[in-house]
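Shown here: protein06.cif, mmCIF, C-alpha atoms.
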data_run
loop_
_atom_site.label_atom_id
_atom_site.label_comp_id
_atom_site.auth_asym_id
_atom_site.auth_seq_id
_atom_site.Cartn_x
_atom_site.Cartn_y
_atom_site.Cartn_z
CA MET A 82 83.87 110.43 45.33
CA ARG A 83 82.82 113.47 47.28
CA ARG A 84 86.04 115.19 46.28
CA MET A 85 85.36 114.63 42.60
CA GLY A 86 82.17 116.61 43.01
CA VAL A 87 83.96 119.66 44.28
CA THR A 88 84.26 122.29 41.61
CA LEU A 89 85.98 125.57 41.23
CA GLU A 90 82.54 127.12 40.94
CA THR A 91 81.65 125.90 44.45
CA ALA A 92 84.72 127.57 45.91
CA LYS A 93 84.18 130.80 43.99
CA SER A 94 80.49 131.07 44.87
CA THR A 95 81.19 130.32 48.55
CA LEU A 96 83.69 133.18 48.64
CA GLU A 97 81.20 135.46 46.87
CA ARG A 98 78.61 134.67 49.53
CA ALA A 99 81.16 135.37 52.26
CA MET A 100 81.96 138.71 50.62
CA GLY A 101 78.28 139.60 50.38
CA THR A 102 77.68 138.74 54.02
CA LEU A 103 80.78 140.67 55.07
CA ARG A 104 79.56 143.82 53.24
CA GLY A 105 76.39 143.76 55.33
CA SER A 106 78.24 143.06 58.57
CA SER A 107 77.46 145.29 61.52
CA THR A 108 79.97 143.72 63.92
CA ALA A 109 83.12 145.06 62.22
CA SER A 110 84.20 148.61 61.45
CA GLU A 111 84.10 149.95 57.90
CA VAL A 112 87.90 149.91 57.71
CA GLU A 113 88.10 146.32 58.94
CA VAL A 114 85.46 145.22 56.45
CA ARG A 115 87.27 146.95 53.58
CA ASP A 116 90.56 145.31 54.55
CA MET A 117 88.99 141.86 54.80
CA LEU A 118 87.18 142.29 51.47
CA THR A 119 90.46 143.21 49.78
CA ARG A 120 92.13 140.10 51.17
CA LEU A 121 89.17 137.93 50.24
CA GLN A 122 89.05 139.32 46.71
CA ALA A 123 92.78 138.58 46.26
CA ALA A 124 92.27 134.98 47.41
CA ARG A 125 89.33 134.60 45.03
CA ASN A 126 91.32 136.15 42.17
CA THR A 127 93.89 133.38 42.56
CA LEU A 128 91.20 130.89 41.64
CA VAL A 129 89.78 132.98 38.80
CA GLU A 130 93.22 133.57 37.26
CA ASN A 131 94.18 129.91 37.45
CA GLU A 132 90.87 128.12 36.91
CA ARG A 133 91.89 126.78 33.50
CA LYS A 134 95.24 125.43 34.67
CA LEU A 135 96.01 121.80 34.00
CA TRP A 136 97.23 121.24 37.54
CA PHE A 137 93.63 121.23 38.80
CA ARG A 138 93.14 118.00 36.83
CA THR A 139 95.80 116.21 38.91
CA LYS A 140 95.11 114.30 42.14
CA ALA A 141 97.06 116.87 44.15
CA GLY A 142 95.26 119.74 42.42
CA LYS A 143 91.84 118.26 43.16
CA GLU A 144 92.78 117.69 46.80
CA THR A 145 94.02 121.25 47.17
CA LEU A 146 90.83 122.53 45.59
CA THR A 147 88.80 120.50 48.09
CA GLU A 148 90.78 121.97 50.98
CA TYR A 149 90.38 125.46 49.53
CA THR A 150 86.63 124.96 49.27
CA GLU A 151 86.41 123.64 52.83
CA ALA A 152 88.40 126.63 54.07
CA SER A 153 86.02 128.92 52.14
CA GLN A 154 83.04 127.27 53.80
CA ARG A 155 84.59 127.72 57.25
CA LEU A 156 85.17 131.36 56.38
CA LEU A 157 81.55 131.76 55.32
CA GLY A 158 80.49 130.23 58.65
CA ALA A 159 82.80 132.57 60.54
CA VAL A 160 81.48 135.63 58.68
CA GLU A 161 77.87 134.60 59.33
CA SER A 162 78.53 134.01 63.05
CA GLY A 163 80.76 137.09 63.37
CA SER A 164 83.60 135.26 65.14
CA GLY A 165 86.95 133.78 64.06
CA ILE A 166 86.89 135.65 60.76
CA ASP A 167 90.58 136.58 60.70
CA GLU A 168 91.75 133.01 61.38
CA ALA A 169 89.44 131.62 58.72
CA LEU A 170 90.51 134.26 56.21
CA THR A 171 94.18 133.52 56.90
CA GLU A 172 93.49 129.86 56.16
CA VAL A 173 91.85 130.71 52.82
CA GLU A 174 94.82 132.92 51.95
CA ALA A 175 97.23 130.08 52.77
CA GLN A 176 95.32 127.75 50.44
CA ALA A 177 95.35 130.40 47.69
CA LYS A 178 99.13 130.76 48.11
CA ARG A 179 99.55 126.99 47.78
CA ILE A 180 97.72 127.11 44.47
CA SER A 181 99.65 130.05 43.05
CA ASP A 182 103.03 128.62 44.18
CA GLU A 183 102.29 125.25 42.61
CA ILE A 184 101.17 126.72 39.31
CA ARG A 185 103.99 129.27 39.13
CA LYS A 186 106.67 126.59 39.34
CA ARG A 187 105.09 124.73 36.42
CA GLY A 188 105.74 127.44 33.86
CA MET A 189 107.19 126.57 30.45
CA VAL A 190 110.93 127.29 30.33
CA VAL A 191 112.24 128.73 27.09
CA THR A 192 115.87 129.77 27.42
CA MET B 264 136.34 120.04 44.07
CA ARG B 265 133.96 122.70 45.37
CA VAL B 266 131.72 124.09 42.62
CA LEU B 267 129.65 127.26 42.96
CA VAL B 268 126.43 127.14 40.91
CA THR B 269 124.66 130.48 40.51
CA GLY B 270 120.93 130.00 40.02
CA GLY B 271 121.54 126.73 41.85
CA ALA B 272 118.06 126.47 43.36
CA GLY B 273 116.31 126.71 39.98
CA ARG B 274 114.98 123.94 37.80
CA LEU B 275 118.22 123.40 35.88
CA GLY B 276 120.47 124.59 38.72
CA SER B 277 119.07 122.09 41.21
CA GLU B 278 119.76 119.27 38.73
CA VAL B 279 123.32 120.53 38.32
CA VAL B 280 124.09 120.70 42.05
CA ARG B 281 122.62 117.25 42.63
CA LEU B 282 124.73 115.87 39.78
CA ILE B 283 127.89 117.47 41.18
CA ALA B 284 127.19 116.05 44.64
CA SER B 285 126.44 112.59 43.21
CA ARG B 286 129.90 112.58 41.58
CA GLY B 287 131.54 113.08 44.96
CA ASP B 288 132.29 116.79 44.61
CA SER B 289 130.71 119.46 46.77
CA ALA B 290 128.26 121.96 45.31
CA VAL B 291 127.24 125.38 46.55
CA ALA B 292 123.83 126.51 45.30
CA PHE B 293 123.88 130.31 45.13
CA ASP B 294 120.46 131.81 44.53
CA LEU B 295 118.11 134.54 45.69
CA PRO B 296 116.82 134.17 49.26
CA GLN B 297 113.23 134.21 47.96
CA ALA B 298 113.89 131.41 45.45
CA TYR B 299 112.22 128.03 45.93
CA TRP B 300 114.94 126.05 47.77
CA GLY B 301 112.99 122.84 48.25
CA ALA B 302 114.87 120.91 45.55
CA VAL B 303 118.34 121.43 47.07
CA ARG B 304 117.99 121.86 50.82
CA GLY B 305 119.06 118.77 52.71
CA VAL B 306 120.74 117.15 49.70
CA PRO B 307 124.02 115.58 50.92
CA GLY B 308 127.02 117.39 49.45
CA VAL B 309 124.99 120.50 48.58
CA GLU B 310 125.30 123.76 50.49
CA ALA B 311 122.56 126.37 50.12
CA LEU B 312 123.97 129.89 49.91
CA PRO B 313 121.36 132.63 49.53
CA GLY B 314 122.71 135.62 47.62
CA ASP B 315 122.36 137.90 44.63
CA VAL B 316 124.68 138.04 41.60
CA THR B 317 124.14 141.79 41.39
CA ASP B 318 125.82 142.19 44.79
CA LYS B 319 129.58 142.33 44.18
CA ARG B 320 130.52 141.59 47.76
CA GLN B 321 128.30 138.52 47.99
CA VAL B 322 129.62 137.25 44.66
CA SER B 323 133.23 137.83 45.68
CA GLU B 324 132.76 135.98 48.97
CA ALA B 325 131.00 133.08 47.29
CA ILE B 326 133.61 132.72 44.56
CA GLY B 327 136.46 133.05 47.05
CA GLY B 328 135.75 129.55 48.33
CA ALA B 329 135.11 127.89 44.97
CA ASP B 330 137.38 125.79 42.73
CA ALA B 331 135.04 126.32 39.77
CA VAL B 332 131.85 128.19 38.86
CA ILE B 333 128.81 127.27 36.78
CA HIS B 334 126.88 130.46 36.07
CA LEU B 335 123.18 129.94 35.43
CA ALA B 336 121.57 132.84 37.28
CA ALA B 337 119.56 135.01 34.91
CA LEU B 338 116.22 136.65 34.38
CA LEU B 339 114.38 134.55 31.79
CA PRO B 340 111.47 135.39 29.48
CA PRO B 341 108.81 136.54 30.04
CA ARG B 342 110.08 138.33 33.18
CA SER B 343 113.20 139.51 31.36
CA GLU B 344 111.08 141.50 28.91
CA ALA B 345 109.32 143.60 31.54
CA ASN B 346 112.22 145.76 32.69
CA ARG B 347 115.32 146.46 30.60
CA GLU B 348 117.35 147.91 33.45
CA LEU B 349 116.73 144.95 35.74
CA THR B 350 117.44 142.40 32.99
CA MET B 351 120.76 144.03 32.11
CA ARG B 352 121.66 144.36 35.78
CA VAL B 353 121.06 140.68 36.52
CA ASN B 354 122.18 139.08 33.25
CA VAL B 355 125.08 141.36 32.28
CA GLU B 356 126.28 143.10 35.43
CA GLY B 357 125.79 139.87 37.37
CA THR B 358 128.08 138.12 34.88
CA SER B 359 130.53 141.00 35.10
CA ASN B 360 130.68 140.62 38.89
CA ILE B 361 131.49 136.95 38.48
CA VAL B 362 134.18 137.64 35.88
CA GLU B 363 135.75 140.26 38.13
CA SER B 364 136.00 137.83 41.05
CA LEU B 365 137.27 135.00 38.84
CA GLY B 366 139.98 137.36 37.61
CA LYS B 367 141.36 137.26 41.14
CA THR B 368 141.01 133.54 41.85
CA GLY B 369 141.70 132.05 38.39
CA ALA B 370 138.96 129.43 38.84
CA PRO B 371 137.32 128.15 35.62
CA LEU B 372 133.79 129.12 34.57
CA VAL B 373 131.04 127.42 32.60
CA PHE B 374 128.54 129.99 31.38
CA ALA B 375 124.96 129.06 30.49
CA SER B 376 124.13 131.11 27.43
CA SER B 377 121.18 130.43 25.17
CA ILE B 378 120.19 129.49 21.65
CA ALA B 379 118.15 132.71 21.86
CA THR B 380 121.38 134.50 20.91
CA TYR B 381 120.86 133.34 17.29
CA GLY B 382 117.64 135.28 17.04
CA VAL B 383 114.80 134.20 14.76
CA SER B 384 116.39 131.78 12.29
CA ALA B 385 113.35 130.10 10.73
CA LYS B 386 114.32 131.30 7.24
CA ASP B 387 117.94 130.19 7.63
CA GLN B 388 119.48 126.88 6.69
CA THR B 389 119.45 124.32 9.46
CA PRO B 390 120.95 122.96 11.58
CA ILE B 391 122.11 126.15 13.26
CA ARG B 392 125.83 126.03 13.98
CA GLU B 393 127.83 127.91 16.60
CA SER B 394 129.22 130.11 13.78
CA HIS B 395 125.70 131.42 12.98
CA ARG B 396 125.38 135.19 13.40
CA LEU B 397 124.19 136.42 16.78
CA GLN B 398 121.16 138.69 16.62
CA ALA B 399 119.20 140.08 19.53
CA HIS B 400 115.43 139.90 19.14
CA ASP B 401 114.46 140.69 22.72
CA LEU B 402 116.01 141.92 25.96
CA TYR B 403 116.92 138.42 27.06
CA SER B 404 118.91 137.58 23.92
CA GLU B 405 120.50 141.03 23.97
CA SER B 406 121.65 140.44 27.54
CA LYS B 407 123.05 136.98 26.74
CA ILE B 408 124.95 138.27 23.68
CA GLU B 409 126.41 141.07 25.78
CA ALA B 410 127.37 138.64 28.56
CA GLU B 411 129.08 136.35 26.01
CA ARG B 412 131.04 139.33 24.63
CA LEU B 413 132.05 140.35 28.11
CA LEU B 414 133.30 136.84 28.87
CA GLY B 415 135.19 136.60 25.59
CA ASP B 416 137.06 139.81 26.38
CA SER B 417 137.79 138.87 29.98
CA GLY B 418 140.64 136.40 29.67
CA VAL B 419 138.88 134.16 32.22
CA ASP B 420 139.20 130.38 31.69
CA GLN B 421 135.67 129.74 30.45
CA VAL B 422 133.31 127.59 28.39
CA THR B 423 130.09 128.95 26.91
CA LEU B 424 127.12 126.66 26.36
CA ARG B 425 124.22 127.87 24.22
CA ILE B 426 121.42 125.80 25.69
CA ALA B 427 118.13 124.91 23.96
CA PRO B 428 114.75 125.18 25.74
CA ILE B 429 114.63 122.87 28.74
CA ALA B 430 112.20 119.94 28.85
CA VAL B 431 111.12 118.47 32.18
CA ALA B 432 109.25 115.20 32.63
CA ASP B 433 106.52 116.79 34.70
CA LEU B 434 103.25 118.63 34.23
CA VAL B 435 104.06 121.93 32.55
CA GLU B 436 101.26 124.46 32.31
CA LEU B 437 100.45 125.36 28.74
CA PRO B 438 100.94 129.12 28.38
CA GLU B 439 98.18 131.22 26.83
CA THR B 440 100.39 131.46 23.77
CA VAL B 441 102.91 128.70 23.08
CA PRO B 442 106.19 130.57 22.46
CA TYR B 443 106.67 129.23 18.92
CA ARG B 444 104.61 128.55 15.80
CA GLY B 445 103.01 125.17 15.24
CA ASP B 446 104.94 124.67 11.99
CA GLN B 447 108.22 125.98 13.41
CA ARG B 448 111.29 123.78 13.83
CA VAL B 449 111.91 123.23 17.55
CA GLU B 450 114.47 121.25 19.54
CA HIS B 451 114.43 120.97 23.32
CA ILE B 452 116.80 119.25 25.72
CA TYR B 453 115.98 117.09 28.71
CA VAL B 454 116.89 118.90 31.92
CA GLU B 455 119.20 116.14 33.23
CA ASP B 456 121.07 116.06 29.91
CA ALA B 457 121.57 119.84 30.07
CA ALA B 458 122.92 119.43 33.61
CA ALA B 459 125.27 116.69 32.38
CA ALA B 460 126.55 119.01 29.64
CA LEU B 461 127.30 121.75 32.16
CA PHE B 462 129.18 119.34 34.41
CA SER B 463 131.12 117.76 31.52
CA ALA B 464 132.13 121.18 30.23
CA LEU B 465 133.77 121.80 33.57
CA ASP B 466 135.27 118.36 33.83
CA ASP B 467 136.61 117.85 30.30
CA GLY B 468 139.62 120.00 29.45
CA ARG B 469 138.84 119.79 25.71
CA ALA B 470 135.93 122.17 26.26
CA SER B 471 138.08 125.00 27.65
CA GLY B 472 137.69 128.24 25.72
CA GLY B 473 134.95 126.80 23.50
CA THR B 474 131.37 127.70 22.65
CA PHE B 475 128.95 124.82 22.12
CA ASN B 476 125.32 124.29 21.16
CA ILE B 477 123.61 122.11 23.76
CA ALA B 478 120.37 120.52 22.54
CA GLY B 479 118.60 117.18 22.54
CA GLY B 480 119.88 115.89 19.20
CA PRO B 481 118.10 114.51 16.11
CA THR B 482 115.36 112.61 17.97
CA TRP B 483 114.25 115.90 19.56
CA GLN B 484 113.99 117.77 16.23
CA MET B 485 110.33 118.24 15.24
CA THR B 486 107.72 120.94 14.71
CA GLY B 487 106.26 122.94 17.57
CA ALA B 488 102.83 121.36 17.04
CA GLU B 489 104.30 117.85 17.09
CA TYR B 490 106.19 118.55 20.32
CA ILE B 491 103.16 119.93 22.14
CA GLU B 492 100.85 117.19 20.90
CA ARG B 493 103.22 114.35 21.87
CA PHE B 494 104.13 115.96 25.22
CA TYR B 495 100.56 116.35 26.48
CA ASP B 496 99.34 113.12 24.92
CA ALA B 497 102.02 111.24 26.90
CA LEU B 498 100.96 113.00 30.10
CA GLY B 499 97.35 112.13 29.42
CA VAL B 500 96.01 115.67 29.10
CA GLU B 501 93.89 117.04 26.28
CA VAL B 502 94.92 120.56 25.36
CA GLU B 503 93.98 123.19 22.81
CA PRO B 504 97.25 125.04 22.23
CA ASN B 505 97.33 128.55 20.90
CA PHE B 506 100.62 128.85 19.03
CA SER B 507 102.56 132.03 18.42
CA LYS B 508 101.64 133.68 15.11
CA CYS B 509 105.27 134.67 14.57
CA TYR B 510 108.42 132.63 14.26
CA THR B 511 110.52 132.79 17.42
CA ALA B 512 114.11 131.99 18.38
CA VAL B 513 113.92 128.20 18.55
CA ASP B 514 115.25 125.97 15.78
CA TRP B 515 117.18 122.78 15.07
CA TYR B 516 120.83 122.84 16.14
CA ASP B 517 124.08 121.26 15.06
CA THR B 518 125.41 119.78 18.28
CA SER B 519 128.31 117.85 16.73
CA ARG B 520 131.00 120.21 18.04
CA GLY B 521 130.13 119.42 21.67
CA ILE B 522 129.27 115.75 21.18
CA PHE B 523 132.40 114.72 23.14
CA LEU B 524 130.68 116.09 26.26
CA GLY B 525 128.58 112.92 26.16
CA TYR B 526 125.39 114.50 27.45
CA GLN B 527 122.75 113.43 24.88
CA ARG B 528 121.52 110.43 26.85
CA LEU B 529 117.74 110.54 26.60
CA THR B 530 115.95 110.15 23.27
CA PHE B 531 112.65 111.88 22.75
CA ASN B 532 110.82 108.54 22.96
CA GLY B 533 112.57 107.88 26.29
CA PHE B 534 111.35 111.27 27.46
CA LEU B 535 107.77 110.43 26.45
CA GLU B 536 107.99 107.25 28.51
CA LYS B 537 108.97 109.30 31.56
CA LEU B 538 106.00 111.59 30.89
CA ARG B 539 103.63 108.62 30.75
CA VAL B 540 104.87 107.46 34.16
CA MET B 541 104.47 110.98 35.53
CA GLY B 542 100.97 111.23 34.07
CA GLU B 543 100.01 108.09 35.97
CA GLN B 544 101.56 109.37 39.21
CA LEU B 545 99.68 112.65 38.89
CA GLY B 546 96.41 110.86 38.22
CA LEU B 547 96.13 112.26 34.71
CA ARG B 548 96.21 108.91 32.88
#

Structure translated into structure tokens:
Amino acid sequence: MRRMGVTLETAKSTLERAMGTLRGSSTASEVEVRDMLTRLQAARNTLVENERKLWFRTKAGKETLTEYTEASQRLLGAVESGSGIDEALTEVEAQAKRISDEIRKRGMVVT
Amino acid sequence: MRVLVTGGAGRLGSEVVRLIASRGDSAVAFDLPQAYWGAVRGVPGVEALPGDVTDKRQVSEAIGGADAVIHLAALLPPRSEANRELTMRVNVEGTSNIVESLGKTGAPLVFASSIATYGVSAKDQTPIRESHRLQAHDLYSESKIEAERLLGDSGVDQVTLRIAPIAVADLVELPETVPYRGDQRVEHIYVEDAAAALFSALDDGRASGGTFNIAGGPTWQMTGAEYIERFYDALGVEVEPNFSKCYTAVDWYDTSRGIFLGYQRLTFNGFLEKLRVMGEQLGLR
């Protein structure tokens, strides 16, 4: 039941918080922060661009969204603690890729 | 028999190579290295051969070991409409490369053309026959008409199939704009039936040199709104489709000329039943 409660909004707002915390980070250089923000924004855009897709209503889509949200929360924790950020960000990116790959292969084919 | 299938990792191509392998022949799926290969890798009797139809050398090497070719590789809408040069390179030059190699080996070819070659026919009398005029309305149809002309002039032993939009019994994302009007005549074809038509065209000597409409048949003839409503209702998904405001190049087709290919196996009601099962598996029903 916990999974049913997970929403796209949770994932998006968690990433927004991570981005906000990252902007105020004093442990990374300006260049590193900019690079990480770009990657984070791209991962978040995947959700925003696909949030109305039907696939999110499937069992697999809901499970993937749960995993994406959990990865986002680990990233937020990493950003707040200042350690393991790159690994956590890579995990979020992998989840975002899963979503975009799945939705891309479900396009309508008109020959 | 060893059959080379260009575009063999794609949605239709993967069905074709699996069908070939299931009949005891060997299939070579030729497709871009970056294609999704998950549907064909590890299938007994199917060899995965990454390559590009725009590369003459790769095409020549691939065709050199083939007894027959089914040519599906193409840029499809909407990607085909973004870059004219790329679309013509893949869809026309790619076909030209295949024809050139087949000129040396003499192997037969089945070419996947499209009902898009008829252009927008909503004001014409239906069903649309193979003798209907060809009229490009976008880059994709222009490239398919040009590829058909090229094949006709080539002297290669070939069959051309003008295939209707493909229907798959799976969750298909509703595009922002459905590519036809709600009141437009539409006719799709089930992906496995399209694959059967491609295989039969290779296998049945009566098809040689012919051009055939390949579509679902009378049970698949309906309006665009009816198709979308019944499709998503069977899956168990509520949708609010936004249909095209203009008529597009989908219609009802006369498939009697190619009926001997024996490919029209699934009725539309049978397709809906498959969708209901899929909807349950996906947790949508």

Practice problem: Take the PyMOL selection byres ((chain A) within 9 of (chain B)), apply it to the structure above, and return the hits as a PyMOL selection string. | Solution: chain A and resi 134-136+138-141+184-192

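Atom CA of B:Ile491 is positioned 26.6 Å from atom CA of A:Leu146.
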
Quiz item: Got a sec to resolve the PyMOL selection byres ((chain B and resi 526) around 9) on this structure and send the residues as an MDAnalysis selection string?
Solution: chainID B and resid 455:461 463 477 479 521:525 527:529

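The residue that comes closest to B:Val303, out of B:Gly276, B:Gly287, B:Gly445, B:Gly327 and on the basis of all atoms listed in the file, is B:Gly276.
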
Quiz item: Do you know which residues are at most 12 Å from stretch 158-174 of chain A counting all atoms listed in the file, after dropping those on the same chain fewer than 6 positions away, and could you put them as number ranges by chain?
Solution: A: 92-93, 95-109, 113-114, 116-128, 145-152, 180-181

Output the selection as an mmCIF file, keeping the file's coordinate frame - C-alpha atoms for each residue.
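That gives us out_20.cif:
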data_model
loop_
_atom_site.group_PDB
_atom_site.id
_atom_site.type_symbol
_atom_site.label_atom_id
_atom_site.label_comp_id
_atom_site.auth_asym_id
_atom_site.auth_seq_id
_atom_site.Cartn_x
_atom_site.Cartn_y
_atom_site.Cartn_z
ATOM 1 C CA ALA A 92 84.720 127.570 45.910
ATOM 2 C CA LYS A 93 84.180 130.800 43.990
ATOM 3 C CA THR A 95 81.190 130.320 48.550
ATOM 4 C CA LEU A 96 83.690 133.180 48.640
ATOM 5 C CA GLU A 97 81.200 135.460 46.870
ATOM 6 C CA ARG A 98 78.610 134.670 49.530
ATOM 7 C CA ALA A 99 81.160 135.370 52.260
ATOM 8 C CA MET A 100 81.960 138.710 50.620
ATOM 9 C CA GLY A 101 78.280 139.600 50.380
ATOM 10 C CA THR A 102 77.680 138.740 54.020
ATOM 11 C CA LEU A 103 80.780 140.670 55.070
ATOM 12 C CA ARG A 104 79.560 143.820 53.240
ATOM 13 C CA GLY A 105 76.390 143.760 55.330
ATOM 14 C CA SER A 106 78.240 143.060 58.570
ATOM 15 C CA SER A 107 77.460 145.290 61.520
ATOM 16 C CA THR A 108 79.970 143.720 63.920
ATOM 17 C CA ALA A 109 83.120 145.060 62.220
ATOM 18 C CA GLU A 113 88.100 146.320 58.940
ATOM 19 C CA VAL A 114 85.460 145.220 56.450
ATOM 20 C CA ASP A 116 90.560 145.310 54.550
ATOM 21 C CA MET A 117 88.990 141.860 54.800
ATOM 22 C CA LEU A 118 87.180 142.290 51.470
ATOM 23 C CA THR A 119 90.460 143.210 49.780
ATOM 24 C CA ARG A 120 92.130 140.100 51.170
ATOM 25 C CA LEU A 121 89.170 137.930 50.240
ATOM 26 C CA GLN A 122 89.050 139.320 46.710
ATOM 27 C CA ALA A 123 92.780 138.580 46.260
ATOM 28 C CA ALA A 124 92.270 134.980 47.410
ATOM 29 C CA ARG A 125 89.330 134.600 45.030
ATOM 30 C CA ASN A 126 91.320 136.150 42.170
ATOM 31 C CA THR A 127 93.890 133.380 42.560
ATOM 32 C CA LEU A 128 91.200 130.890 41.640
ATOM 33 C CA THR A 145 94.020 121.250 47.170
ATOM 34 C CA LEU A 146 90.830 122.530 45.590
ATOM 35 C CA THR A 147 88.800 120.500 48.090
ATOM 36 C CA GLU A 148 90.780 121.970 50.980
ATOM 37 C CA TYR A 149 90.380 125.460 49.530
ATOM 38 C CA THR A 150 86.630 124.960 49.270
ATOM 39 C CA GLU A 151 86.410 123.640 52.830
ATOM 40 C CA ALA A 152 88.400 126.630 54.070
ATOM 41 C CA ILE A 180 97.720 127.110 44.470
ATOM 42 C CA SER A 181 99.650 130.050 43.050
#

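Computed from the coordinates, the atom CA of B:Gln447 to atom CA of B:Ser507 distance equals 9.7 Å.
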
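Evaluated on this file, the PyMOL selection byres ((chain B and resi 362) around 9) matches Gly357, Thr358, Ser359, Asn360, Ile361, Glu363, Ser364, Leu365, Gly366, Lys367, Leu372, Leu413, Leu414, Ser417 and Val419 of chain B.
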
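One distance worth recording is that between atom CA of B:Ile333 and atom CA of B:Leu538, which is 28.3 Å.
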
Quiz item: Any idea what's packed within 7 Å of stretch 265-272 of chain B, counting all atoms listed in the file, ignoring anything in its chain fewer than 5 positions away? Could you give it as number ranges by chain?
Solution: B: 277, 280, 288-294, 298-300, 302-303, 326, 329-336

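Each of B:Ala399, B:Cys509, B:Val540, B:Ile391 was compared to B:Ala478 using only C-alpha atoms, and B:Ile391 turns out to be the nearest.
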
Practice problem: Measuring atom to atom with all atoms listed in the file, identify which of B:Asn354, B:Asn505, B:Gln297, B:Gln388 is nearest to B:Gly487. | Solution: B:Asn505
